Amino acid sequence: MARLIFVGPPGAGKGTQSKFLADAHQIPHISTGDILRESVAAKTSLGVQAQGYMDRGELVPDQLVIDLIRERLSKPDAQSGWILDGFPRNVAQAEFLDALLSELHQGCDRVVNFDVPDPVLLVRLLSRGRKDDNEETIRRRLEVYREQTAPLISYYESQQKLVTVNGDQSMDEVAAALNQVVA
Ligand code: B4P
């Protein structure tokens with residue numbers, strides 16, 4: 001399984017597990033959150049436009065992330081596999097991705113949904129302590145997840161690509177569960 005999409009609430013372990021699996025399979029880990037944070041730090045035009053949304057726990061406008069994903073997936077190292085971590089985040093982004101992949105003659109093999117209860121997410125994110133990991137912003141990110149990202153579960157279920165992993169286990173246990181579903 002070389003082309004994977006990771007979906008789940010903030011703090012579910014998408015970034016953590018992406019790194020493990022990308023290293024093991026020697027495929028790029030493409031995290032829209034990481035790319036946006038690097039753009040904010042470098043004060044690029046994308047970063048300047050994205051910063052306020054990220055600080056408030058809102059999704060940045062679709063067109064900004066769509067443009068960056070189009071560019072990233074067109075690079076040579078993304079032609080034989082990737083893990084998309086944090087993209088798509090809503091149905092409009094998922095529809096864009098379906099169209100882009102068909103243009104690039106690619107397809108996604110599996111969509112992994114990380115299932116973790118809200119109280120566990122809150123504890124994890126508060127202990128990570130990133131700039132957007134304060135209680136008010138986390139609550140907003142969880143609301144945004146429920147309103148905009150959770151509908152992707154039925155979107156990908158209907159494409160018969162969805163697998164759900166229990167993310168409320170140790171990192172090694174989650175990695176083992178993930179290996180079983182993507183092997
Ligand atoms: P992201 O960077 O995607 O932020 P996240 O969802 O909080 O990260 P993640 O869920 O990967 O964290 P992880 O579990 O690895 O997005 C940040 C912001 O960028 C968004 O709010 C939005 O503004 C913007 N954005 C990104 N993509 C976008 C898009 N497509 N469209 C629009 N806007 C977009 O780690 C969490 C913590 O849990 C870590 O400390 C980790 O060590 C710990 N952890 C992980 N697994 C664990 C386990 N099994 N047990 C215990 N702890 C664990």
# chains A, B, ... in the order shown; residues from 1 in each chain; ligands from 1
call {"tool": "residues_around", "arguments": {"residues": "Asp109 (chain A)", "least_positions_apart": "3", "cutoff": "12 Å", "atoms": "only C-alpha atoms", "output": "list in words"}}
result
Met1, Ala2, Arg3, Leu4, Ile5, Phe6, Ser80, Gly81, Trp82, Ile83, Leu84, Leu101, Gln106, Val112, Tyr156, Gln159, Gln160, Lys161, Leu162, Val163, Val181, Val182 and Ala183 of chain A
call {"tool": "residues_near_ligand", "arguments": {"ligand": "ligand 1", "cutoff": "7 Å", "atoms": "only C-alpha atoms and all ligand atoms", "output": "PyMOL selection string"}}
result
chain A and resi 8-17+31-34+36+53-54+57-62+65+85-89+124-125+127-128+141+167-171+174
call {"tool": "select_by_dssp", "arguments": {"residues": "chain A", "states": "strand (DSSP E)", "output": "JSON, numbers by chain"}}
result
{"A": [3, 4, 5, 6, 7, 29, 30, 31, 82, 83, 84, 85, 110, 111, 112, 113, 114, 115, 162, 163, 164, 165, 166]}
call {"tool": "closest_residue", "arguments": {"among": "A:Pro28, A:Asn166, A:Leu21, A:Ala42", "to": "Asp115 (chain A)", "atoms": "only C-alpha atoms"}}
result
A:Asn166
call {"tool": "closest_residue", "arguments": {"among": "A:Asn90, A:Asp67, A:Ala41, A:Arg72", "to": "Arg146 (chain A)", "atoms": "only C-alpha atoms"}}
result
A:Asn90
call {"tool": "closest_residue", "arguments": {"among": "A:Glu157, A:Arg70, A:Asp132, A:Leu121", "to": "Glu103 (chain A)", "atoms": "only C-alpha atoms"}}
result
A:Arg70
call {"tool": "select_by_dssp", "arguments": {"residues": "region 22-148 of chain A", "states": "alpha helix (DSSP H)", "output": "ChimeraX atom specification"}}
result
/A:22-25,32-41,45-56,62-73,91-103,118-128,135-144
call {"tool": "closest_residue", "arguments": {"among": "A:Val123, A:Gly129, A:Val144, A:Cys108", "to": "Ala94 (chain A)", "atoms": "only C-alpha atoms"}}
result
A:Cys108
call {"tool": "decode", "arguments": {"residues": "region 39-168 of chain A", "atoms": "C-alpha atoms", "output": "mmCIF file, in the first residue's frame"}}
result
data_model
loop_
_atom_site.group_PDB
_atom_site.id
_atom_site.type_symbol
_atom_site.label_atom_id
_atom_site.label_comp_id
_atom_site.auth_asym_id
_atom_site.auth_seq_id
_atom_site.Cartn_x
_atom_site.Cartn_y
_atom_site.Cartn_z
ATOM 1 C CA SER A 39 5.605 28.787 5.677
ATOM 2 C CA VAL A 40 4.525 30.783 8.741
ATOM 3 C CA ALA A 41 8.047 30.556 10.214
ATOM 4 C CA ALA A 42 9.607 31.651 6.901
ATOM 5 C CA LYS A 43 7.009 34.466 6.562
ATOM 6 C CA THR A 44 6.188 33.473 2.971
ATOM 7 C CA SER A 45 3.045 34.854 1.346
ATOM 8 C CA LEU A 46 1.283 31.528 2.104
ATOM 9 C CA GLY A 47 2.443 31.679 5.733
ATOM 10 C CA VAL A 48 1.274 35.265 6.214
ATOM 11 C CA GLN A 49 -2.163 34.361 4.816
ATOM 12 C CA ALA A 50 -2.444 31.138 6.870
ATOM 13 C CA GLN A 51 -1.223 32.285 10.280
ATOM 14 C CA GLY A 52 -4.407 33.878 11.664
ATOM 15 C CA TYR A 53 -6.554 30.870 10.739
ATOM 16 C CA MET A 54 -4.098 28.463 12.376
ATOM 17 C CA ASP A 55 -3.829 30.533 15.549
ATOM 18 C CA ARG A 56 -7.646 30.494 15.866
ATOM 19 C CA GLY A 57 -7.895 26.750 15.181
ATOM 20 C CA GLU A 58 -9.769 27.297 11.893
ATOM 21 C CA LEU A 59 -8.997 25.597 8.597
ATOM 22 C CA VAL A 60 -7.009 27.810 6.272
ATOM 23 C CA PRO A 61 -8.876 28.595 3.004
ATOM 24 C CA ASP A 62 -9.163 25.585 0.690
ATOM 25 C CA GLN A 63 -7.477 27.287 -2.265
ATOM 26 C CA LEU A 64 -4.244 27.810 -0.309
ATOM 27 C CA VAL A 65 -3.874 24.153 0.681
ATOM 28 C CA ILE A 66 -5.129 22.909 -2.676
ATOM 29 C CA ASP A 67 -2.376 24.868 -4.460
ATOM 30 C CA LEU A 68 0.302 23.532 -2.144
ATOM 31 C CA ILE A 69 -0.883 19.914 -2.511
ATOM 32 C CA ARG A 70 -1.034 20.209 -6.316
ATOM 33 C CA GLU A 71 2.580 21.408 -6.333
ATOM 34 C CA ARG A 72 3.800 18.823 -3.798
ATOM 35 C CA LEU A 73 2.151 15.800 -5.455
ATOM 36 C CA SER A 74 3.638 16.793 -8.815
ATOM 37 C CA LYS A 75 7.221 16.483 -7.530
ATOM 38 C CA PRO A 76 9.320 13.487 -8.683
ATOM 39 C CA ASP A 77 9.575 11.914 -5.209
ATOM 40 C CA ALA A 78 5.773 11.680 -4.960
ATOM 41 C CA GLN A 79 5.250 9.593 -8.084
ATOM 42 C CA SER A 80 5.409 6.144 -6.501
ATOM 43 C CA GLY A 81 3.900 6.649 -3.072
ATOM 44 C CA TRP A 82 3.091 9.053 -0.253
ATOM 45 C CA ILE A 83 1.316 9.525 3.032
ATOM 46 C CA LEU A 84 -1.028 12.503 3.126
ATOM 47 C CA ASP A 85 -1.308 13.667 6.741
ATOM 48 C CA GLY A 86 -3.979 16.289 7.427
ATOM 49 C CA PHE A 87 -5.197 16.607 3.848
ATOM 50 C CA PRO A 88 -8.017 16.455 2.877
ATOM 51 C CA ARG A 89 -9.718 18.209 5.811
ATOM 52 C CA ASN A 90 -13.180 18.658 4.275
ATOM 53 C CA VAL A 91 -15.293 17.262 1.436
ATOM 54 C CA ALA A 92 -14.340 20.057 -1.009
ATOM 55 C CA GLN A 93 -10.643 19.192 -0.515
ATOM 56 C CA ALA A 94 -11.431 15.475 -0.968
ATOM 57 C CA GLU A 95 -13.244 16.159 -4.249
ATOM 58 C CA PHE A 96 -10.303 18.248 -5.448
ATOM 59 C CA LEU A 97 -7.915 15.414 -4.506
ATOM 60 C CA ASP A 98 -9.961 12.805 -6.406
ATOM 61 C CA ALA A 99 -9.792 15.009 -9.523
ATOM 62 C CA LEU A 100 -6.054 15.718 -9.085
ATOM 63 C CA LEU A 101 -5.176 12.039 -8.623
ATOM 64 C CA SER A 102 -7.065 11.068 -11.723
ATOM 65 C CA GLU A 103 -5.239 13.849 -13.645
ATOM 66 C CA LEU A 104 -1.914 12.466 -12.344
ATOM 67 C CA HIS A 105 -2.979 8.861 -13.141
ATOM 68 C CA GLN A 106 -2.674 7.984 -9.465
ATOM 69 C CA GLY A 107 -5.112 6.642 -6.904
ATOM 70 C CA CYS A 108 -5.262 6.386 -3.158
ATOM 71 C CA ASP A 109 -5.020 2.842 -1.755
ATOM 72 C CA ARG A 110 -6.397 3.320 1.767
ATOM 73 C CA VAL A 111 -7.761 6.022 4.016
ATOM 74 C CA VAL A 112 -6.877 5.414 7.661
ATOM 75 C CA ASN A 113 -9.193 6.916 10.260
ATOM 76 C CA PHE A 114 -7.582 7.320 13.716
ATOM 77 C CA ASP A 115 -10.196 6.953 16.419
ATOM 78 C CA VAL A 116 -9.392 8.606 19.777
ATOM 79 C CA PRO A 117 -11.829 9.995 22.407
ATOM 80 C CA ASP A 118 -11.869 13.777 22.942
ATOM 81 C CA PRO A 119 -10.610 13.770 26.568
ATOM 82 C CA VAL A 120 -7.493 11.816 25.487
ATOM 83 C CA LEU A 121 -6.890 14.262 22.623
ATOM 84 C CA LEU A 122 -7.116 17.211 24.976
ATOM 85 C CA VAL A 123 -4.543 15.745 27.383
ATOM 86 C CA ARG A 124 -2.129 14.872 24.557
ATOM 87 C CA LEU A 125 -2.295 18.269 22.897
ATOM 88 C CA LEU A 126 -2.011 20.233 26.144
ATOM 89 C CA SER A 127 1.118 18.274 27.001
ATOM 90 C CA ARG A 128 2.611 18.824 23.516
ATOM 91 C CA GLY A 129 2.244 22.605 23.957
ATOM 92 C CA ARG A 130 2.596 23.807 20.348
ATOM 93 C CA LYS A 131 1.494 27.432 19.688
ATOM 94 C CA ASP A 132 -2.025 26.276 18.707
ATOM 95 C CA ASP A 133 -2.214 23.763 21.585
ATOM 96 C CA ASN A 134 -3.960 25.986 24.150
ATOM 97 C CA GLU A 135 -7.316 24.863 25.521
ATOM 98 C CA GLU A 136 -9.485 27.404 23.666
ATOM 99 C CA THR A 137 -7.878 26.708 20.272
ATOM 100 C CA ILE A 138 -7.963 22.939 20.824
ATOM 101 C CA ARG A 139 -11.719 23.084 21.539
ATOM 102 C CA ARG A 140 -12.255 25.062 18.324
ATOM 103 C CA ARG A 141 -10.098 22.569 16.358
ATOM 104 C CA LEU A 142 -12.208 19.704 17.721
ATOM 105 C CA GLU A 143 -15.424 21.493 16.671
ATOM 106 C CA VAL A 144 -13.993 22.159 13.219
ATOM 107 C CA TYR A 145 -13.015 18.491 13.006
ATOM 108 C CA ARG A 146 -16.560 17.353 13.849
ATOM 109 C CA GLU A 147 -18.251 19.835 11.502
ATOM 110 C CA GLN A 148 -15.925 19.719 8.505
ATOM 111 C CA THR A 149 -13.550 16.738 8.652
ATOM 112 C CA ALA A 150 -15.649 13.917 10.180
ATOM 113 C CA PRO A 151 -17.935 13.823 7.067
ATOM 114 C CA LEU A 152 -14.895 12.422 5.206
ATOM 115 C CA ILE A 153 -15.432 9.144 7.060
ATOM 116 C CA SER A 154 -18.630 8.393 5.143
ATOM 117 C CA TYR A 155 -17.159 9.945 1.974
ATOM 118 C CA TYR A 156 -14.336 7.387 1.951
ATOM 119 C CA GLU A 157 -16.504 4.583 3.341
ATOM 120 C CA SER A 158 -18.640 4.902 0.241
ATOM 121 C CA GLN A 159 -15.464 4.568 -1.884
ATOM 122 C CA GLN A 160 -14.662 1.403 0.165
ATOM 123 C CA LYS A 161 -11.239 2.793 1.083
ATOM 124 C CA LEU A 162 -11.727 3.486 4.780
ATOM 125 C CA VAL A 163 -10.092 1.525 7.584
ATOM 126 C CA THR A 164 -10.351 2.585 11.223
ATOM 127 C CA VAL A 165 -7.537 2.131 13.718
ATOM 128 C CA ASN A 166 -7.896 2.492 17.484
ATOM 129 C CA GLY A 167 -5.541 5.405 18.193
ATOM 130 C CA ASP A 168 -6.100 5.232 21.957
#
